[in-house]
Structures are given as structure tokens and as C-alpha cells.
Amino acid sequence: MEHLIHVLQTDRSDSEIIGYALDTLFNIISNDEEDEVEENSTRQSEDLGSQFTEIFIKQQENVTLLLSLLEDFDFHVRWPGVKLLTSLLKHLGPQVQQIILVSPMGVSRLMDLLADSREVIRNDGVLLLQALTRSNGAIQKIVAFENAFERLLDIITEEGNSDGGIVVEDCLILLQNLLKNNNSNQNFFKEGSYIQRMKPWFEVGDENSGWSAQKVTNLHLMLQLIRVLVSPTNPPGATSSCQKAMFQCGLLQQLCTILMATGIPADILTETINTVSEVIRGCQVNQDYFASVNAPSNPPRPAIVVLLMSMVNERQPFVLRCAVLYCFQCFLYKNQKGQGEIVSTLLPSTIDATGNSVSAGQLLCGGLFSTDSLSNWCAAVALAHALQENATQKEQLLRVQLATSIGNPPVSLLQQCTNILSQGSKIQTRVGLLMLLCTWLSNCPIAVTHFLHNSANVPFLTGQIAENLGEEEQLVQGLCALLLGITIYFNDNSLENYMKEKLKQLIEKRIGKENFIEKLGFISKHELYSRASQKPQPNFPSPEYMIFDHEFTKLVKELEGVITKAIYKSSEEDKKEEEEKKTLEQHDSIVGHYKNMIREQDLQLEELKQQISTLKCQNEQLQTAVTQQVSQIQQHKDQYNLLKVQLGKDNQHQGSHNDGAQMNGIQPEEIGRLREEIEELKSNQELLRSQLAEKDSLIEKLKSSQTSPDTNEATASARDSENIAELKQELATLKSQLNSKSVEITKLQTEKQELLHKTEAFAQSVPVSGESEAAIAAKTTDVEGRLSALLQETKELKNEIKALSEERASIKEQLDSSNSTIVILQNEKNQLEVNIKDSKKEQDDLLVLLADQDQKILSLKDKLKGLGHPEEEEDELESIDQDDEDDEDEDDDKSQGDN
């Protein structure tokens, strides 16, 4: 071997000799000897191959060398290298896996084999990765993130999905290695949308031919792969997301099609039922869809009914009946809607009087009372699952009446179960009925009362428990003890002859407490009990092992301890416990009342906060509107300044023309008109000043109203005061702008006065003679034209001033509305403070009441200690008190946080 390894190290360039060396090593290490038939020789060859493997991997560099040789694309090097590494992994898998894991790029080099164009290398590469990923989570993750899912699904598609050969089988086994018990890879598979690519696998059609052994094997592995993703042992969140994805992509619908198709092989049908079971288990959407599936019969029947017909049919294969029971259990798991639908088919108001169709409830009753003990057990367990954790359906099932024979009155279902139980039927039948009765009566005092109302039931149970029977009957005795214990623990003392104390006295006289507890322990000590408690699926090798149900084992664990305590308690302890329960119930009711009050107050506070937020939004909208108005005023100001500049230029031009032209003969009517215009401008100026004075008085009022509130309100409305200050500043700027406009108007008036004086002086100083009348008329016309232009500009200025005054009036209205909004906000804030003070007062009252209750409980503890009460009960009371105190602390913290 040393020489062969030396050849691998030194002759890398000679692919032929490297290939021969790898073949030789493979033949030495491999155990594929066809001639050897005897077991001893086979074991010796296996030991010899393991020894050679150990020698080869003793130097880790040898495995690293082999990985580097796999990079060679030459067929004569790569293929024997793949076979040699696969053989090494088969002999000493964990050791070789560890070497490859620490080798740089070791796994990545092996992943390249899946992309090899030569099918023999690709197929042997799949086998190599199977051995590499077995029971090694780290390598599984690396292979998955090296895009293995994409490549394997592509190979399965290329090979023809379920119709493919053994290559498809190898790829499916590798996928199972990557996904089973590996939550990280399962999540990666779901997030990569690979579940959707599984749907074409199950398009098998309706043809009855073509079911080769390889196709059956492939479909079996495909169904198992789905179950790996939705297994009940996976984290609930991961399972739920995969279940939803399978429904959304139509995979569940495809499986239900196979379920109802004809010509499907029995083992494929069984595995499909198990797969559908786990796809719908605990997923309400999938359970609702499954309830709507109909079989392609005439008339159509629900799939649930068709499956139940197979379950209660003793001619069907045992594994198929187990699969149907599991499917029914998964359909009802955490599905109160489905439970109600099943129980409703037994109620008198919903039974089909015509008898044309059989319902699920009728099938279960038929199986419950048939002569086949396996049907009795399956029907009893299925009916018990319809009552699991559903007190409403337990009470509804009490209404079911059965017609036993013609002429006799109907008998209740509960009574019929006890009648069959007392007739001494097979053990499997009695165990099934006892499990049904225990599930039915637990946590349902009304059902306990109905059971005890039949005077024959308690003597039958005590007689069964008291007898000394063989080992086969011990399990029935234990279940009878459990049922009797349930009638004591969940007894509401409504029947005088069967009150808790009388039943305990009866046990002590007829059976003995120690003997009763010993018989009760027979259940959990049974060899099949632990097997049933491991997995939800009823997986039994043969019908005689079908004794316990998985959900029933949970019920036994829950009730065994509390029934034992209830049996040993005295009547005084029971009375004290009932008083304590009543006290605690009163305490809980008071606490619940105050919790509801606090919730209501929290809702009111939330509503008020929402109102405040809406008012703030309205305030912000008003502020934006004011900002827009300010910008518009600024635009008008700019236009006014532009007009002013243009008017100044015209006045200068007209003055220079008048000085140089030596005008004469201005008419007195034009001068009067100018004076009238000046008077109008003066009146407008007075109107603007009066409006300005009103604004000043309004601002003073706002100042006084804003400075008058007390310090608490001023502190609480700091943000609102900032908004008001901003509005004041904006009004001040408006005031300054109006002042500047009034100054400009005054200047304009003085300029016009000077123009008039110049005109009058010029008319007096110029002599009448010296010019012709025609020239004077021309000059007069020129002056009149200029004056008319000046009058037109004056009118335009007047219109601008009116527009500005209107804008000021609108700004005043907006300011008034914002002030009223601020007043409303302050009033609502005061109301909030009053509500908070009231809630604080109510919480203080609640704390006082809780302190009184704690004092009462402490006094009750002292009395219990004085009466010799066990320490365990005190610890339970303390834990209850501590839980209540924790709840109150959480409520107080929540209320303080809201305040």
C-alpha cells in the first residue's frame, strides 16, 4: 500500500498509472466479492477491508491527495477515485467525513461530480455523496449550500421523475439524507421554492399499467421526502410553513387526487394516506380543504367517509386501516370545527332520514359495535379524538341516542358503551371503550353526572378493580381505576348518592386505597405504553399490539398524579380546597373586573391620543396654509415695488418735460380731478390705518390670553405656544409690510401735491400772448394725455391696495380659527389629566383590595399549618399567590407606562 500511495504522489502526470493504482487500492479495500457466500468469509473480508481502510486514512494526507486527484477530468483517474473514496466512507464513515470536512474545499470538489457530463461518474458521485452526508449535519449544510438541491432536482427531472430508474432512487435517498432532522436545510429547501418543484412527481394519471417495481420504490421515497418536511417531530413553525406552501402550490391537491384514484398499489396508497395525514395535521387551511375533497363516485362521497369505510372493514389490510386512523386523527388534531362536524353527524337533528348516504358518525358507531375487535378499537379511538380538548362536543355527544332493537326505547351512546363493556368482550374492545370513556368524562362534570346516573356503572368498575385477575386483565383493571378516579376528580357533587366523599369511602371499603393506586399504575407500566407515547402515528407490527393511543398516553400522564392526590384527601381537606377554590375564584373575578376596567381606560386613552394626533395634523395643515398666504403676500409686494419703480420713472420724465416745455393753459377741471383722486387716496389710507389698529388690538388680546393660564397648562402646551409665537412673528412681518406700504402711499401723495403746485405756478408765470392758439391747444392735449396715463396708474395702485386689504382679512380669519383650535386642544388635555387621575385612584383601590385578599390567604395558610396540612399543598398555594402577584405587577407596570 505504501508503494501504491507513493505512485499516487509521484506520478501525477501519468494518468494511466494513476488509474491502475486507484483501481488496485479499490479492489483491496472493497468487499464486493460475488463468489463468497458463507457469512464467516464475508465477515472476514469486511474486517480486512476495514483494516486496509484504517491503514490508508492513518495519514490524513492520503485522503487529501485522493481529493486532489478527483479534480482531474480524465475518466481513468476520476472514476476509480470516486469508487475508492466511496469505499473508504462505507468502512470508516465518521473518520473519513471528519478528514474531508477539515480539508480545504473538500466538499466543494466532490460537488463538482454532479455536474460531470459522463453519467457513470455523475451517478457514482450521487452514491459518494450519500455516504458522505450520512449522519453528519455540518457536511449536510455545506452540500445543501453548494446548490445540491437544484442539481438533484434537475437530475430527477431529466430521468423522468417517478418513471425514472435507479438514479432517481439514489437522488431521493441523498435528498432525504440532507433534509431529515436538519432544520436549517429544511428551511433552505422551503425558502428556495423547491417544494413547488415536487408537484410533477405525483402526476401519475389514471392508467392501471406501468407500475413497475422501480416506480413504486421511487414514489415511496418521494412520499417519505414530503413527510420529512412536515414531520410532527419538526419545530411547529417550520412544519406549519411547509404545510402552507404545499397547499398553495397544489401539492396537497395532487396527493388527494392519488388518494381517490383507482389502480394505485396498496403500499403506495397506504403511504399516500400517511403523507396526507401529516400535511394536514394541525393546519386549519389544509384540514378545511381535506374536508371538502370528494371521491369520484356516483353520487360523490366525502373522502373522509370513504376512508372510514376502509378503516371499519375487517377485510382491508391492517397497515391501510392504521393509516386511515392516523389520517382521521390528524384531520381532527387542533381542529374544533372538524370535531363539531363529525359529532354533528350523530345528532338527531342532522341524521339523513332517507338513508341514502352514510355519514362519518354512523360509520364510527357501526365500527364501535361490530364483532371485529380491531374495528371496535379504531372506532373508539377515532371518536375519542373528536372529543379531544373540546368540552362542547363532549356535552353534545351526550345527546346521541341509539336504536338497539325494534320495540325497545333508544339508548344513549354513553349507556351503550358501558353495556358492551359489562358484557365481557375482547380485551382490545374493552380497552378501546375505556379509553373513549376516560377521554369523554375528563374535564366534563356533566358527562360524569350522566355516567354516575346509571347505578350499575360504579359497582361494575369497583368489581373489576377488586378482583385478582391474570396479567392480561391487569390493563383493563388499570383503565377501570382511571375511569373511576376521573368520576371522583371531576365530580361536581350534584348526585347525592355519588358525591366525592361517598365514592372515596366506597373505594376504601371495597378495594383499598393502596390497592387502587397500584392498579392505576398498571397503565403506565405496560410494555406498550411507552411505545405508543413516542410518536403520534399508530405504527404496530400486528393487530394484537394495537392497545394504546398516543393522545391517551398524554391524558394518563396528566391525570395519574391528580387522581392519586384526590383519593388520599380527607373530606375536610376537600371542603377546605373547595372553599379556597371559591375564594380564589372570587379573587380572580375581582381582579378580572379591574383588568377589564383598565383595558377600557386604555382604549379610551388610545382614542383620545388619536384625536390629539388628528388635531395636530389639522394644525399643521393650517400652518402650511398660512405659509402659502405669506408667500402670496410677498409676491404682491414685489409686484407693488415694480409698479412703484415704473411710476417714479414716469413722474421724473413728466417733470423734466414740464420744466423745459414752458407749458401754458392747463384746465381747472383737470386740476380738480387730480385733487379728488388725492382725497380718495387719503381716505383709503385712513381705512388701512383703522384696520391696522384693529389688528394691533387683536394681537394684544392674544398676548394677554396666552400669558394668563397657570404654569401647569403653560408647561403642558409648550408646543402649542411655539406655534402661536410663530404666528405672531408672521403677523409682525405683515404689519411692517403694511407700514412700508402706507409710507410709500404718503410719498406718492406728496409727489402729486408737488406736481399740482408746479402746475399752478407755471400757469400763473407764463404770459398769455406770444403763442398761437393752435400751439397752446396741442400742448394742452399733450398734458391731458399725460394726466390721463397718471390717473390710470393711480387706479391700478388703488386696486392693488384693495387686494392686499382682502388678503389681510383672510389671514385674520385663519388666525382666529387656529386660536380656537388651540383652546379646544387645551380643554381636551385637561380632560385627559382628569381621566388619568381617576384611573390612578382606581388602581390604588385595586391594590388595597389585593392586599386584603393576600392577608386573608395568609390567615388561611396559618390555619392549614395548624391543622397539619402537607407542605406540598402550601407550596402550590404559594405558587398560585406568586402567579397572581406577578400578574398584578405586570398590570401596574403597564398602567404606569401608559401614564
# chains A, B, ... in the order shown; residues from 1 in each chain; ligands from 1
$ residues_around --residues "Leu452 (chain A)" --least-positions-apart "2" --cutoff "12 Å" --atoms "only C-alpha atoms" --output "ChimeraX atom specification"
/A:414-415,418,441,445-450,454-461,483-484,486-488,490-500,503
$ select_by_dssp --residues "region 509-643 of chain A" --states "alpha helix (DSSP H)" --output "VMD selection string"
chain A and resid 509 to 510 513 to 520 522 to 525 527 to 534 550 to 568 571 to 643
